[in-house]
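Structure file data.csv with CSV, C-alpha atoms:
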```csv
chain,number,residue,atom,x,y,z
U,9,LYS,CA,0.0,0.0,0.0
U,10,GLY,CA,2.9,2.3,0.7
U,11,ARG,CA,4.4,1.8,-2.7
U,12,PHE,CA,1.0,2.4,-4.4
U,13,SER,CA,0.5,5.7,-2.5
U,14,GLN,CA,4.0,6.7,-3.6
U,15,LEU,CA,3.2,5.8,-7.2
U,16,VAL,CA,0.1,8.0,-7.0
U,17,LEU,CA,2.0,11.0,-5.6
U,18,THR,CA,4.7,10.6,-8.2
U,19,GLY,CA,2.2,10.5,-11.0
U,20,VAL,CA,0.4,13.6,-9.7
U,21,LEU,CA,3.7,15.5,-9.5
U,22,LEU,CA,4.7,14.4,-13.0
U,23,ASN,CA,1.4,15.7,-14.4
U,24,ILE,CA,1.9,19.0,-12.7
U,25,THR,CA,5.5,19.4,-14.0
U,26,ALA,CA,4.1,18.7,-17.5
U,27,LEU,CA,2.5,22.1,-17.4
U,28,ALA,CA,5.8,23.9,-17.2
U,29,ILE,CA,6.6,24.1,-20.9
U,30,PRO,CA,3.1,25.2,-22.1
U,31,PHE,CA,3.0,28.0,-19.5
U,32,TYR,CA,6.6,29.0,-20.3
U,33,MET,CA,5.8,29.3,-24.0
U,34,ARG,CA,2.7,31.3,-23.3
U,35,ALA,CA,4.6,33.7,-21.1
U,36,VAL,CA,7.4,34.1,-23.6
U,37,TYR,CA,5.0,34.8,-26.6
U,38,ASP,CA,2.6,37.1,-24.7
U,39,ARG,CA,4.9,38.9,-22.2
U,40,VAL,CA,8.6,38.6,-23.1
U,41,VAL,CA,8.6,39.0,-26.9
U,42,PRO,CA,6.3,42.1,-27.1
U,43,ASN,CA,8.2,43.9,-24.4
U,44,LEU,CA,11.7,42.4,-25.1
U,45,ALA,CA,12.0,41.6,-21.4
U,46,MET,CA,15.3,39.8,-21.5
U,47,GLU,CA,15.6,39.5,-17.7
U,48,SER,CA,12.2,37.8,-17.5
U,49,LEU,CA,13.3,35.5,-20.3
U,50,TRP,CA,16.3,34.3,-18.3
U,51,ALA,CA,14.3,33.9,-15.1
U,52,LEU,CA,11.6,32.0,-16.9
U,53,SER,CA,14.1,29.8,-18.7
U,54,ALA,CA,15.9,29.0,-15.5
U,55,GLY,CA,12.7,28.1,-13.8
U,56,VAL,CA,11.5,25.8,-16.6
U,57,CYS,CA,15.0,24.1,-16.7
U,58,ILE,CA,14.6,23.3,-12.9
U,59,ALA,CA,11.1,21.9,-13.6
U,60,LEU,CA,12.5,19.7,-16.4
U,61,VAL,CA,15.3,18.3,-14.2
U,62,PHE,CA,12.7,17.7,-11.5
U,63,GLU,CA,10.5,15.8,-14.0
U,64,LEU,CA,13.4,13.6,-15.1
U,65,VAL,CA,14.1,12.7,-11.4
U,66,LEU,CA,10.4,11.9,-10.9
U,67,ARG,CA,10.3,9.7,-13.9
U,68,HIS,CA,13.3,7.7,-12.6
U,69,VAL,CA,11.7,7.4,-9.2
U,70,LYS,CA,8.4,6.3,-10.7
U,71,SER,CA,10.1,3.7,-12.8
U,72,GLY,CA,11.8,2.3,-9.6
U,73,PHE,CA,8.5,2.2,-7.8
U,74,VAL,CA,6.9,0.3,-10.7
U,75,GLU,CA,9.7,-2.2,-10.8
U,76,SER,CA,9.6,-2.7,-7.0
U,77,VAL,CA,5.8,-3.3,-7.0
U,78,GLY,CA,6.0,-5.6,-10.0
U,79,LEU,CA,8.8,-7.7,-8.5
U,80,ARG,CA,6.9,-8.2,-5.3
U,81,VAL,CA,3.7,-9.1,-7.1
U,82,GLY,CA,5.4,-11.5,-9.4
U,83,GLN,CA,7.2,-13.3,-6.6
U,84,ALA,CA,4.0,-13.6,-4.6
U,85,VAL,CA,2.0,-14.9,-7.6
U,86,GLN,CA,4.7,-17.4,-8.6
U,87,HIS,CA,4.9,-18.7,-5.0
U,88,ARG,CA,1.2,-19.2,-4.8
U,89,ALA,CA,1.0,-20.8,-8.2
U,90,VAL,CA,3.7,-23.4,-7.4
U,91,SER,CA,2.3,-24.0,-3.9
U,92,ALA,CA,-1.1,-24.6,-5.5
U,93,ILE,CA,0.4,-27.1,-7.9
U,94,LEU,CA,2.4,-29.0,-5.2
U,95,ARG,CA,-0.5,-29.1,-2.7
U,96,GLY,CA,-3.3,-29.8,-5.1
U,97,ARG,CA,-5.3,-33.0,-5.4
U,98,ALA,CA,-3.8,-35.5,-7.9
U,99,ALA,CA,-7.2,-36.5,-9.2
U,100,ASP,CA,-8.3,-32.9,-9.7
U,101,LYS,CA,-5.2,-31.8,-11.6
U,102,GLU,CA,-6.0,-31.1,-15.2
U,103,ASN,CA,-2.7,-29.2,-15.5
U,104,ASN,CA,-0.3,-30.6,-18.1
U,105,VAL,CA,3.2,-29.4,-18.8
U,106,GLY,CA,2.1,-27.1,-21.6
U,107,SER,CA,-0.6,-25.4,-19.5
U,108,LEU,CA,1.7,-24.9,-16.5
U,109,MET,CA,4.5,-23.4,-18.7
U,110,ASN,CA,2.0,-21.1,-20.4
U,111,ALA,CA,0.5,-20.0,-17.0
U,112,LEU,CA,3.8,-19.3,-15.4
U,113,ARG,CA,5.4,-17.8,-18.6
U,114,ASP,CA,6.4,-14.1,-18.3
U,115,THR,CA,4.8,-13.8,-14.9
U,116,GLU,CA,7.2,-10.9,-14.1
U,117,SER,CA,6.0,-8.9,-17.2
U,118,LEU,CA,2.3,-9.6,-16.2
U,119,ALA,CA,3.1,-8.4,-12.7
U,120,LEU,CA,4.4,-5.1,-14.0
U,121,LEU,CA,0.9,-4.5,-15.5
U,122,VAL,CA,-0.5,-4.2,-12.0
U,123,PRO,CA,1.3,-0.9,-11.0
U,124,ALA,CA,1.2,0.4,-14.6
U,125,ALA,CA,-2.6,-0.1,-14.8
U,126,PHE,CA,-3.1,1.3,-11.3
U,127,VAL,CA,-1.3,4.5,-12.2
U,128,THR,CA,-3.0,4.8,-15.5
U,129,PHE,CA,-6.5,4.5,-14.2
U,130,THR,CA,-6.1,6.4,-10.9
U,131,VAL,CA,-3.8,9.2,-11.9
U,132,ASP,CA,-3.5,9.6,-15.7
U,133,LEU,CA,-7.2,9.3,-16.6
U,134,PRO,CA,-8.3,12.0,-14.1
U,135,SER,CA,-5.4,14.2,-15.3
U,136,ILE,CA,-6.9,14.0,-18.8
U,137,LEU,CA,-10.0,15.7,-17.6
U,138,ALA,CA,-7.9,18.3,-15.8
U,139,TYR,CA,-6.0,19.0,-19.1
U,140,PHE,CA,-9.2,19.3,-21.0
U,141,GLY,CA,-10.6,21.8,-18.4
U,142,LEU,CA,-7.4,23.8,-18.6
U,143,ILE,CA,-7.5,23.9,-22.4
U,144,ALA,CA,-11.1,25.0,-22.3
U,145,LEU,CA,-10.2,27.7,-19.8
U,146,ILE,CA,-7.4,29.1,-22.0
U,147,GLY,CA,-8.7,28.4,-25.5
U,148,GLY,CA,-12.4,28.0,-25.3
U,149,TRP,CA,-13.7,25.8,-28.2
U,150,SER,CA,-10.2,24.6,-28.9
U,151,VAL,CA,-10.9,21.8,-26.5
U,152,ALA,CA,-13.0,20.2,-29.2
U,153,GLY,CA,-9.8,19.0,-30.9
U,154,PRO,CA,-8.4,16.9,-28.0
U,155,VAL,CA,-11.9,15.7,-27.1
U,156,PHE,CA,-12.3,14.4,-30.7
U,157,GLY,CA,-8.9,12.8,-30.6
U,158,ALA,CA,-9.6,11.1,-27.3
U,159,VAL,CA,-12.9,9.6,-28.5
U,160,ALA,CA,-11.3,8.4,-31.7
U,161,LEU,CA,-8.4,6.8,-29.9
U,162,VAL,CA,-10.7,5.0,-27.5
U,163,THR,CA,-12.9,3.8,-30.4
U,164,VAL,CA,-9.8,2.5,-32.3
U,165,GLY,CA,-8.5,0.9,-29.2
U,166,PHE,CA,-11.7,-0.9,-28.4
U,167,ILE,CA,-11.9,-2.4,-31.9
U,168,THR,CA,-8.3,-3.4,-32.1
U,169,ASN,CA,-8.2,-4.8,-28.6
U,170,PHE,CA,-11.1,-7.1,-29.3
U,171,ALA,CA,-9.3,-8.4,-32.4
U,172,LEU,CA,-6.1,-8.7,-30.3
U,173,LYS,CA,-7.9,-10.7,-27.6
U,174,LEU,CA,-9.0,-13.3,-30.2
U,175,ALA,CA,-5.5,-13.5,-31.7
U,176,SER,CA,-3.9,-13.8,-28.3
U,177,LYS,CA,-6.1,-16.7,-27.3
U,178,LYS,CA,-5.1,-18.6,-30.4
U,179,SER,CA,-1.4,-17.8,-29.7
U,180,SER,CA,-1.8,-19.0,-26.2
U,181,ARG,CA,-3.4,-22.3,-27.1
U,182,LEU,CA,-0.7,-22.9,-29.7
U,183,ALA,CA,2.1,-22.1,-27.2
U,184,GLN,CA,0.5,-24.6,-24.8
U,185,THR,CA,0.4,-27.2,-27.6
U,186,ARG,CA,4.1,-26.6,-28.3
U,187,GLY,CA,5.0,-27.0,-24.6
U,188,ASN,CA,3.2,-30.3,-24.5
U,189,LEU,CA,5.1,-31.5,-27.6
U,190,ILE,CA,8.4,-30.5,-26.1
U,191,ALA,CA,7.6,-32.4,-22.9
U,192,GLU,CA,6.6,-35.5,-25.0
U,193,VAL,CA,9.9,-35.4,-26.9
U,194,ALA,CA,11.9,-34.9,-23.8
U,195,GLU,CA,10.2,-37.6,-21.7
U,196,GLY,CA,9.8,-40.1,-24.5
U,197,TRP,CA,13.0,-39.6,-26.5
U,198,HIS,CA,14.1,-43.2,-26.2
U,199,THR,CA,10.7,-44.5,-27.1
U,200,ILE,CA,10.5,-42.3,-30.1
U,201,LYS,CA,13.9,-43.4,-31.3
U,202,ALA,CA,13.1,-47.1,-30.7
U,203,ASN,CA,9.9,-46.8,-32.8
U,204,GLN,CA,11.5,-44.6,-35.4
U,205,GLY,CA,8.9,-41.9,-34.8
U,206,GLU,CA,11.3,-39.0,-35.4
U,207,GLY,CA,9.6,-38.0,-38.7
U,208,ARG,CA,6.1,-38.0,-37.1
U,209,PHE,CA,7.2,-35.7,-34.3
U,210,LEU,CA,9.1,-33.5,-36.6
U,211,ALA,CA,6.1,-33.1,-38.8
U,212,ARG,CA,3.9,-32.2,-35.8
U,213,TRP,CA,6.6,-29.6,-34.7
U,214,ASP,CA,6.7,-28.0,-38.1
U,215,THR,CA,2.9,-27.8,-38.2
U,216,VAL,CA,2.6,-26.2,-34.8
U,217,SER,CA,5.5,-23.8,-35.6
U,218,ASP,CA,3.8,-22.7,-38.8
U,219,HIS,CA,0.5,-21.9,-37.0
U,220,ILE,CA,2.4,-20.1,-34.2
U,221,GLY,CA,4.2,-17.9,-36.8
U,222,LEU,CA,0.9,-17.0,-38.4
U,223,ALA,CA,-0.8,-16.3,-35.1
U,224,THR,CA,2.1,-14.2,-33.9
U,225,ARG,CA,2.0,-12.2,-37.1
U,226,ASP,CA,-1.7,-11.5,-36.6
U,227,SER,CA,-1.2,-10.5,-33.0
U,228,ARG,CA,1.7,-8.2,-33.9
U,229,LYS,CA,-0.4,-6.6,-36.7
U,230,TRP,CA,-3.3,-5.8,-34.3
U,231,GLN,CA,-0.8,-4.6,-31.7
U,232,ASP,CA,1.0,-2.2,-34.0
U,233,LEU,CA,-2.2,-0.8,-35.6
U,234,PRO,CA,-3.3,1.3,-32.5
U,235,LEU,CA,0.2,2.9,-32.3
U,236,HIS,CA,0.2,3.9,-36.0
U,237,LEU,CA,-3.3,5.2,-35.8
U,238,SER,CA,-2.6,7.1,-32.6
U,239,GLN,CA,0.3,8.9,-34.2
U,240,MET,CA,-1.9,10.0,-37.1
U,241,LEU,CA,-4.7,11.1,-34.8
U,242,VAL,CA,-2.4,13.2,-32.6
U,243,GLN,CA,-1.3,15.0,-35.7
U,244,LEU,CA,-4.8,15.5,-37.0
U,245,VAL,CA,-5.8,16.9,-33.5
U,246,THR,CA,-3.0,19.4,-33.7
U,247,VAL,CA,-4.2,20.6,-37.1
U,248,LEU,CA,-7.7,20.9,-35.8
U,249,VAL,CA,-6.6,22.9,-32.7
U,250,VAL,CA,-4.5,25.2,-34.9
U,251,MET,CA,-7.5,25.9,-37.2
U,252,ILE,CA,-9.8,26.6,-34.3
U,253,GLY,CA,-7.1,28.8,-32.6
U,254,VAL,CA,-6.6,30.9,-35.7
U,255,TYR,CA,-10.3,31.7,-35.9
U,256,GLN,CA,-10.3,32.6,-32.2
U,257,ILE,CA,-7.3,34.9,-32.6
U,258,LYS,CA,-9.0,36.6,-35.5
U,259,GLU,CA,-12.0,37.2,-33.2
U,260,GLY,CA,-9.8,38.5,-30.5
U,261,MET,CA,-10.6,35.7,-28.1
U,262,MET,CA,-7.1,34.3,-27.9
U,263,THR,CA,-3.5,35.4,-28.1
U,264,GLN,CA,-0.7,33.7,-30.0
U,265,GLY,CA,0.9,32.6,-26.8
U,266,ALA,CA,-2.3,31.0,-25.6
U,267,MET,CA,-2.6,29.0,-28.9
U,268,ILE,CA,1.0,27.7,-28.5
U,269,ALA,CA,0.2,26.7,-24.9
U,270,ILE,CA,-3.0,24.9,-26.1
U,271,ILE,CA,-1.1,23.0,-28.8
U,272,LEU,CA,1.5,21.8,-26.2
U,273,LEU,CA,-1.3,21.0,-23.6
U,274,THR,CA,-3.1,19.0,-26.3
U,275,GLY,CA,0.0,16.9,-26.9
U,276,ARG,CA,0.3,16.3,-23.1
U,277,ALA,CA,-3.4,15.4,-22.8
U,278,MET,CA,-3.2,12.9,-25.7
U,279,GLY,CA,-0.2,11.1,-24.1
U,280,PRO,CA,-2.2,9.6,-21.1
U,281,VAL,CA,-5.0,8.7,-23.5
U,282,SER,CA,-2.6,6.7,-25.7
U,283,ALA,CA,-1.0,5.2,-22.6
U,284,ALA,CA,-4.4,4.1,-21.3
U,285,VAL,CA,-5.3,2.5,-24.7
U,286,ALA,CA,-1.9,0.7,-24.7
U,287,THR,CA,-2.4,-0.6,-21.2
U,288,VAL,CA,-5.8,-2.0,-22.0
U,289,ALA,CA,-4.3,-3.6,-25.1
U,290,ARG,CA,-1.7,-5.3,-23.0
U,291,LEU,CA,-4.4,-6.5,-20.5
U,292,TYR,CA,-6.4,-7.9,-23.4
U,293,GLN,CA,-3.3,-9.6,-24.8
U,294,SER,CA,-2.6,-11.1,-21.4
U,295,LEU,CA,-6.1,-12.4,-20.7
U,296,SER,CA,-5.4,-15.9,-21.8
U,297,GLN,CA,-2.3,-16.1,-19.7
U,298,ILE,CA,-4.1,-14.6,-16.7
U,299,SER,CA,-7.0,-17.0,-17.1
U,300,GLY,CA,-4.6,-20.0,-17.2
U,301,LEU,CA,-2.8,-18.6,-14.1
U,302,MET,CA,-6.1,-18.2,-12.3
U,303,ARG,CA,-7.0,-21.8,-13.0
U,304,VAL,CA,-3.7,-22.9,-11.4
U,305,LEU,CA,-4.3,-20.7,-8.4
U,306,ALA,CA,-7.8,-22.1,-8.0
U,307,THR,CA,-6.6,-25.7,-7.8
U,308,GLU,CA,-8.3,-27.5,-4.9
U,309,PRO,CA,-5.8,-28.2,-2.1
U,310,GLU,CA,-5.3,-31.8,-0.9
U,311,ARG,CA,-5.6,-30.7,2.7
U,312,ARG,CA,-8.4,-28.4,3.8
U,313,VAL,CA,-6.2,-27.2,6.7
U,314,SER,CA,-5.8,-23.4,6.6
U,315,ASP,CA,-2.6,-23.3,8.6
U,316,PRO,CA,0.2,-25.0,6.7
U,317,ALA,CA,2.2,-25.4,9.9
U,318,ILE,CA,-0.2,-28.0,11.2
U,319,ALA,CA,1.1,-31.5,10.2
U,320,PRO,CA,-0.6,-34.9,10.7
U,321,GLY,CA,0.7,-37.1,13.5
U,322,ARG,CA,2.3,-40.5,13.0
U,323,LEU,CA,-0.2,-42.9,11.5
U,324,LYS,CA,-0.6,-46.3,13.0
U,325,GLY,CA,-3.0,-49.2,12.5
U,326,ALA,CA,-4.4,-51.3,9.6
U,327,ILE,CA,-5.9,-50.1,6.3
U,328,ALA,CA,-9.0,-51.8,5.1
U,329,LEU,CA,-11.2,-51.3,2.0
U,330,GLN,CA,-14.5,-53.0,1.5
U,331,ASP,CA,-16.3,-53.2,-1.8
U,332,ILE,CA,-14.9,-50.0,-3.2
U,333,SER,CA,-15.7,-48.5,-6.6
U,334,TYR,CA,-14.3,-45.5,-8.4
U,335,ARG,CA,-15.3,-43.7,-11.6
U,336,PHE,CA,-13.5,-40.8,-13.2
U,337,GLU,CA,-15.5,-37.7,-13.8
U,338,GLY,CA,-17.2,-37.9,-17.3
U,339,ALA,CA,-16.5,-41.6,-17.6
U,340,SER,CA,-19.2,-44.0,-18.7
U,341,GLN,CA,-18.2,-46.9,-16.4
U,342,ASP,CA,-16.2,-47.5,-13.3
U,343,SER,CA,-12.5,-47.8,-13.5
U,344,LEU,CA,-12.5,-49.9,-10.2
U,345,SER,CA,-15.3,-52.0,-9.0
U,346,GLY,CA,-15.8,-54.3,-6.0
U,347,ILE,CA,-12.3,-53.8,-4.5
U,348,SER,CA,-11.7,-55.2,-1.0
U,349,LEU,CA,-8.3,-54.9,0.6
U,350,SER,CA,-6.9,-55.4,4.1
U,351,ILE,CA,-3.4,-54.5,5.1
U,352,ALA,CA,-2.2,-55.1,8.6
U,353,ALA,CA,0.0,-52.6,10.5
U,354,GLY,CA,3.6,-52.8,9.4
U,355,GLU,CA,2.7,-55.1,6.5
U,356,LYS,CA,4.1,-54.5,3.1
U,357,VAL,CA,1.9,-55.2,0.1
U,358,ALA,CA,2.8,-55.0,-3.6
U,359,LEU,CA,0.2,-54.2,-6.3
U,360,ILE,CA,1.0,-56.1,-9.5
U,361,GLY,CA,-0.9,-55.8,-12.8
U,362,ARG,CA,-0.7,-54.7,-16.4
U,363,SER,CA,-0.7,-51.1,-17.4
U,364,GLY,CA,-4.1,-49.5,-17.0
U,365,SER,CA,-5.4,-52.1,-14.6
U,366,GLY,CA,-6.0,-49.4,-11.9
U,367,LYS,CA,-3.0,-49.6,-9.6
U,368,SER,CA,-2.3,-45.9,-9.6
U,369,THR,CA,-6.0,-45.1,-9.4
U,370,LEU,CA,-6.3,-47.3,-6.3
U,371,ILE,CA,-3.3,-45.7,-4.6
U,372,GLN,CA,-3.9,-42.0,-5.5
U,373,ASP,CA,-7.6,-41.6,-5.8
U,374,VAL,CA,-9.2,-44.2,-3.5
```

Using structure tokens, write down the structure that the file contains.
Amino acid sequence: KGRFSQLVLTGVLLNITALAIPFYMRAVYDRVVPNLAMESLWALSAGVCIALVFELVLRHVKSGFVESVGLRVGQAVQHRAVSAILRGRAADKENNVGSLMNALRDTESLALLVPAAFVTFTVDLPSILAYFGLIALIGGWSVAGPVFGAVALVTVGFITNFALKLASKKSSRLAQTRGNLIAEVAEGWHTIKANQGEGRFLARWDTVSDHIGLATRDSRKWQDLPLHLSQMLVQLVTVLVVMIGVYQIKEGMMTQGAMIAIILLTGRAMGPVSAAVATVARLYQSLSQISGLMRVLATEPERRVSDPAIAPGRLKGAIALQDISYRFEGASQDSLSGISLSIAAGEKVALIGRSGSGKSTLIQDV
């Protein structure tokens, strides 16, 4: 909580220091240039340089806070995920190697989304409204330019993020398939060699790799499109603000310095909008990984004891089963039926049978 509050404070101070250049330009054009006030120019320039250095320091501090929060979140999530896997019920585990690799992949980068999204939605978005209000206060109807740009960016982001979500789901499934294939090759290498199955597995690998390449290309296309469109929209918004500003200068409603300040404020206002759209895009792109990670975290524990420090005592006595049956979920018939077993205390019993006869099911699930 302390780091998050520091992130909020740093973000607010950064948005305040962003006003230095627009007000500096307005003062220079409206006060210094008409009166050739050179002493004021030096004083204003020194002040804005101090503000720029302060902004640089704040950006470095904010980056450190984001890294710190992301590291702690990533470590906590990884610990909980691995703990859920190790303590889960064997019969309830539907996690194969590919799904686990996909869920735990790039956990650190996913964790960095937490502080980034927090700052974006708690600091940057409210600052956009403040920028719009300041632009309206200085330039009147010039605020129509950035408002139009913000609406257009959000619309473009919504459409591309939906397409990106679909492409990311496909990429995630293919990555999981590739992980399973790698595990099969690594675990069954001797069997594959003995049965001369190299060609079959190589063909499967080539097919999966081809599909991953196409899916990655589609994801990259939808990921780059908002960036390219946002650059064009920011330039169009600048043109629109200049056009409105010229008409207002003609009517005597605005000075040239005010128009320069509005242009700079518009660029500053569009920055958080673009950052918010990019953050939402990253969240959409990570939904498949996040859903897989949540399934791992939701694994039912084998013990329902809340305190992991509580351990069972030493078990003594005989084990007896009488007419036991077991059926896997979704199966049409029982895997075990009419099993009776009696083992005396200290007795050693071996279960012998062919593969698939139910030895592991009896030990693990019954």

Near stretch 16-30 of chain U, 9 Å: stretch 260-283 of chain U residue rows, closest pairs, all atoms listed in the file, as CSV:
```
residue,atom,partner,partner_atom,distance
U:Ala266,CA,U:Pro30,CA,8.7
U:Ile268,CA,U:Pro30,CA,7.2
U:Ala269,CA,U:Pro30,CA,4.3
U:Ile270,CA,U:Pro30,CA,7.3
U:Ile271,CA,U:Pro30,CA,8.2
U:Leu272,CA,U:Pro30,CA,5.6
U:Leu273,CA,U:Pro30,CA,6.3
U:Arg276,CA,U:Ala26,CA,7.2
```

Point (-0.2, -52.8, 5.8), cut-off 12 Å, counting all atoms listed in the file, residues as a PyMOL selection string: chain U and resi 323-329+349-358

Selection: 8 Å around U:Leu241, all atoms listed in the file, excl. self and same-chain fewer than 5 positions, as a PyMOL selection string: chain U and resi 157+160-161

Surrounding residues of stretch 136-140 of chain U excluding itself and chain neighbours under 2 positions, 9 Å, only C-alpha atoms, as an mmCIF file with C-alpha atoms, in the frame of the given file:
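So selection-v7.cif came out as:
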```
data_model
loop_
_atom_site.group_PDB
_atom_site.id
_atom_site.type_symbol
_atom_site.label_atom_id
_atom_site.label_comp_id
_atom_site.auth_asym_id
_atom_site.auth_seq_id
_atom_site.Cartn_x
_atom_site.Cartn_y
_atom_site.Cartn_z
ATOM 1 C CA VAL U 131 -3.800 9.200 -11.900
ATOM 2 C CA ASP U 132 -3.500 9.600 -15.700
ATOM 3 C CA LEU U 133 -7.200 9.300 -16.600
ATOM 4 C CA PRO U 134 -8.300 12.000 -14.100
ATOM 5 C CA LEU U 142 -7.400 23.800 -18.600
ATOM 6 C CA ILE U 143 -7.500 23.900 -22.400
ATOM 7 C CA ALA U 144 -11.100 25.000 -22.300
ATOM 8 C CA LEU U 145 -10.200 27.700 -19.800
ATOM 9 C CA VAL U 151 -10.900 21.800 -26.500
ATOM 10 C CA PRO U 154 -8.400 16.900 -28.000
ATOM 11 C CA VAL U 155 -11.900 15.700 -27.100
ATOM 12 C CA LEU U 273 -1.300 21.000 -23.600
ATOM 13 C CA THR U 274 -3.100 19.000 -26.300
ATOM 14 C CA ARG U 276 0.300 16.300 -23.100
ATOM 15 C CA ALA U 277 -3.400 15.400 -22.800
ATOM 16 C CA MET U 278 -3.200 12.900 -25.700
ATOM 17 C CA PRO U 280 -2.200 9.600 -21.100
ATOM 18 C CA VAL U 281 -5.000 8.700 -23.500
#
```

Two-atom distance - atom CA of U:Gly207, atom CA of U:Ile190 (Å): 14.7 Å

Residues within 10 Å of (-7.6, 3.8, -25.3), counting all atoms listed in the file, listed as a PyMOL selection string: chain U and resi 158-166+168-169+234+238+280-289

Residues near U:Val81, cut-off 7 Å, only C-alpha atoms, skip fewer than 4 positions along chain, as a count of residues only: 3

Selected residue, from U:Gln86, U:Ser348, U:Gln243, U:Thr369, that lies nearest to U:Phe336 when counting only C-alpha atoms: U:Thr369

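Picture a line from atom CA of U:Trp230 to atom CA of U:Gln184; it runs 21.4 Å.
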
Nearest residue to U:Ala35 from the set U:Val216, U:Leu52, U:Asn188, U:Gln204 (distances using only C-alpha atoms): U:Leu52

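For U:Asp226, the residues within 10 Å (counting only C-alpha atoms, excluding itself and residues fewer than 2 positions away along the chain) are Ala171, Leu172, Leu174, Ala175, Ser176, Ser179, Ile220, Gly221, Leu222, Ala223, Thr224, Arg228, Lys229, Trp230 and Gln231 of chain U.
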